[in-house]
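Asks: One file: target_30.txt (compact mmCIF, C-alpha atoms).
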# COMPACT_ATOMS: atom_id res chain seq x y z
CA MET A 1403 -68.82 -40.71 38.12
CA ALA A 1404 -66.10 -39.62 40.49
CA SER A 1405 -63.28 -37.31 39.47
CA ILE A 1406 -59.79 -38.71 39.06
CA ILE A 1407 -57.06 -36.47 40.46
CA LYS A 1408 -54.02 -36.64 38.23
CA ARG A 1409 -51.10 -34.86 36.64
CA LEU A 1410 -52.41 -33.47 33.35
CA VAL A 1411 -49.07 -32.19 32.02
CA GLY A 1412 -45.41 -32.83 32.65
CA PRO A 1413 -43.02 -32.27 33.96
CA VAL A 1414 -42.15 -31.02 30.49
CA GLN A 1415 -39.87 -28.37 29.03
CA VAL A 1416 -41.73 -25.57 27.27
CA ALA A 1417 -40.88 -24.81 23.62
CA THR A 1418 -40.99 -21.37 22.02
CA GLY A 1419 -43.84 -22.04 19.60
CA PRO A 1420 -47.39 -22.71 20.73
CA THR A 1421 -47.37 -26.39 21.68
CA THR A 1422 -50.33 -28.51 22.76
CA GLN A 1423 -49.58 -29.87 26.22
CA TYR A 1424 -52.93 -31.45 27.08
CA THR A 1425 -56.12 -32.45 25.31
CA VAL A 1426 -59.22 -33.33 27.32
CA PRO A 1427 -60.19 -36.89 26.34
CA ALA A 1428 -63.53 -37.61 24.67
CA ASN A 1429 -66.48 -38.03 27.02
CA THR A 1430 -64.53 -36.31 29.80
CA LYS A 1431 -64.56 -33.01 31.63
CA ALA A 1432 -61.41 -31.76 33.33
CA ARG A 1433 -60.17 -29.05 35.66
CA ALA A 1434 -56.71 -27.52 35.75
CA ARG A 1435 -56.06 -26.89 39.44
CA HIS A 1436 -52.34 -26.37 39.99
CA VAL A 1437 -49.68 -25.00 37.65
CA HIS A 1438 -46.05 -25.36 38.74
CA ILE A 1439 -43.33 -23.62 36.74
CA SER A 1440 -39.61 -23.73 37.37
CA ASN A 1441 -36.91 -21.73 35.64
CA PRO A 1442 -33.50 -23.30 36.27
CA SER A 1443 -31.69 -20.67 34.17
CA ALA A 1444 -29.99 -17.48 35.30
CA SER A 1445 -32.33 -15.32 33.20
CA ILE A 1446 -36.01 -14.38 33.32
CA VAL A 1447 -38.07 -16.37 30.78
CA THR A 1448 -41.62 -15.54 29.68
CA LEU A 1449 -44.44 -18.07 29.58
CA THR A 1450 -47.82 -18.04 27.85
CA ILE A 1451 -50.54 -20.57 28.72
CA THR A 1452 -53.68 -20.72 26.59
CA ILE A 1453 -56.90 -22.71 26.53
CA GLY A 1454 -57.54 -23.50 22.89
CA ALA A 1455 -55.72 -21.93 19.98
CA ASP A 1456 -53.37 -19.19 21.11
CA GLY A 1457 -54.97 -15.75 21.03
CA VAL A 1458 -55.31 -12.70 23.22
CA THR A 1459 -58.78 -13.71 24.45
CA THR A 1460 -57.83 -17.32 25.31
CA ARG A 1461 -54.70 -16.73 27.39
CA LEU A 1462 -54.56 -17.58 31.07
CA LEU A 1463 -51.01 -16.19 31.23
CA SER A 1464 -49.65 -13.87 28.57
CA ALA A 1465 -45.86 -13.49 28.40
CA TYR A 1466 -45.67 -13.92 32.18
CA SER A 1467 -42.11 -13.33 33.43
CA VAL A 1468 -40.88 -16.37 35.36
CA PRO A 1469 -38.00 -15.28 37.63
CA ALA A 1470 -34.58 -16.86 37.22
CA ASN A 1471 -33.24 -19.37 39.72
CA THR A 1472 -31.02 -16.56 40.98
CA ASP A 1473 -34.07 -14.67 42.30
CA ALA A 1474 -33.68 -14.64 46.09
CA THR A 1475 -37.43 -14.74 46.76
CA THR A 1476 -38.74 -17.33 44.31
CA LYS A 1477 -35.61 -19.35 43.46
CA GLY A 1478 -37.10 -19.54 39.95
CA VAL A 1479 -40.26 -21.37 41.02
CA VAL A 1480 -43.83 -20.08 40.54
CA ASP A 1481 -47.08 -21.81 41.51
CA PHE A 1482 -50.61 -20.87 40.46
CA TYR A 1483 -53.75 -22.39 41.95
CA TRP A 1484 -56.67 -22.32 39.53
CA ASP A 1485 -60.04 -23.91 39.09
CA GLU A 1486 -60.23 -23.80 35.32
CA PRO A 1487 -62.92 -26.05 33.80
CA LEU A 1488 -62.19 -27.76 30.48
CA GLU A 1489 -64.58 -29.52 28.13
CA ALA A 1490 -63.94 -32.66 26.06
CA GLY A 1491 -61.60 -31.85 23.18
CA GLU A 1492 -60.30 -28.58 24.63
CA ILE A 1493 -56.55 -28.13 24.68
CA ILE A 1494 -53.98 -26.37 26.83
CA THR A 1495 -51.15 -24.83 24.83
CA THR A 1496 -47.95 -23.21 26.00
CA SER A 1497 -45.09 -21.18 24.62
CA ALA A 1498 -41.98 -19.68 26.20
CA GLY A 1499 -39.69 -16.79 25.37
CA THR A 1500 -36.66 -19.11 25.42
CA ASN A 1501 -36.78 -22.63 24.03
CA ASN A 1502 -36.73 -25.62 26.41
CA VAL A 1503 -35.74 -23.80 29.61
CA LEU A 1504 -38.93 -23.61 31.68
CA VAL A 1505 -40.24 -26.81 33.23
CA LEU A 1506 -44.04 -27.03 33.52
CA THR A 1507 -46.30 -29.34 35.48
CA ILE A 1508 -50.10 -29.00 35.60
CA GLY A 1509 -52.17 -30.98 38.05
CA GLY A 1510 -55.90 -31.32 38.03
CA GLU A 1511 -58.70 -33.79 37.65
CA GLU A 1512 -60.68 -35.58 35.00
CA ARG A 1513 -64.27 -36.76 35.25
CA PRO A 1514 -65.75 -39.18 32.72
CA ILE A 1515 -69.22 -38.15 31.51
CA GLY A 1516 -72.02 -40.14 29.96
Just give me the structure as structure tokens.
Replies:
Amino acid sequence: MASIIKRLVGPVQVATGPTTQYTVPANTKARARHVHISNPSASIVTLTITIGADGVTTRLLSAYSVPANTDATTKGVVDFYWDEPLEAGEIITTSAGTNNVLVLTIGGEERPIG
């Protein structure tokens, strides 16, 4: 079957504790392709993105410093372009250094299997 390009997550504010943002549906494979993060605050905020339960070996980003909106170069916006495959039932979790400041959007695709 053909892949369906879609927004997998967000836009959503990121909480401080590990929070499940996306679960791959049953009988589906997915790919996270684009991660967009904005920090509208005047301070740097850290972000962790994990596939599966949070742990050192499952992190795609580990306490990554997202610049503040006062940063002249980034204006508080960071984009990552990935090709991260995900199996049915796998989850993407996030956590931030400051509660509900960062805004996260993840785009990708899903492909039904079977």
Asks: Between A:Ser1440, A:Thr1460, A:Asn1502, A:Ser1445, which is the closest to A:Phe1482 once you count only C-alpha atoms?
Replies: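 Checking each candidate against A:Phe1482, we get A:Ser1440 as the closest.
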Asks: Write out as an MDAnalysis selection string each polymer residue whose atoms come within 12 Å of A:Ala1470, counting only C-alpha atoms; drop sequence neighbours fewer than 6 positions from it.
Replies: chainID A and resid 1439:1448 1476:1480 1503:1504
Asks: Counting all atoms listed in the file, figure out which residue out of A:Ile1508, A:Ala1434, A:Ile1515, A:Ala1417 gets nearest to A:Thr1496.
Replies: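 For A:Thr1496, the nearest of the given residues is A:Ala1417.
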Asks: Choose the residue, out of A:Thr1507, A:Thr1425, A:Thr1418, A:Ser1405, that has the smallest atom-to-atom separation from A:Ala1455; count all atoms listed in the file.
Replies: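 Among the listed residues, the smallest separation from A:Ala1455 belongs to A:Thr1425.
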Asks: Of the candidates A:Val1437, A:Ala1498, A:Leu1410, A:Ala1428, which shows the shortest atom-to-atom distance to A:Gly1516, using all atoms listed in the file?
Replies: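 For A:Gly1516, the nearest of the given residues is A:Ala1428.
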Asks: From the list A:Asn1429, A:Thr1459, A:Val1411, A:Tyr1466, which residue is nearest A:Ser1497 when using all atoms listed in the file?
Replies: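 Of all the options, A:Tyr1466 lies closest to A:Ser1497.
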Asks: Counting only C-alpha atoms, which of A:Thr1422, A:Thr1475, A:Thr1430, A:Gln1415 gets nearest to A:Glu1489?
Replies: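 Under the stated criterion, the closest residue is A:Thr1430.
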Asks: Rounded to one decimal place, report the atom CA of A:Arg1409-atom CA of A:Arg1435 distance in Å.
Replies: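 So the answer is 9.8 Å.
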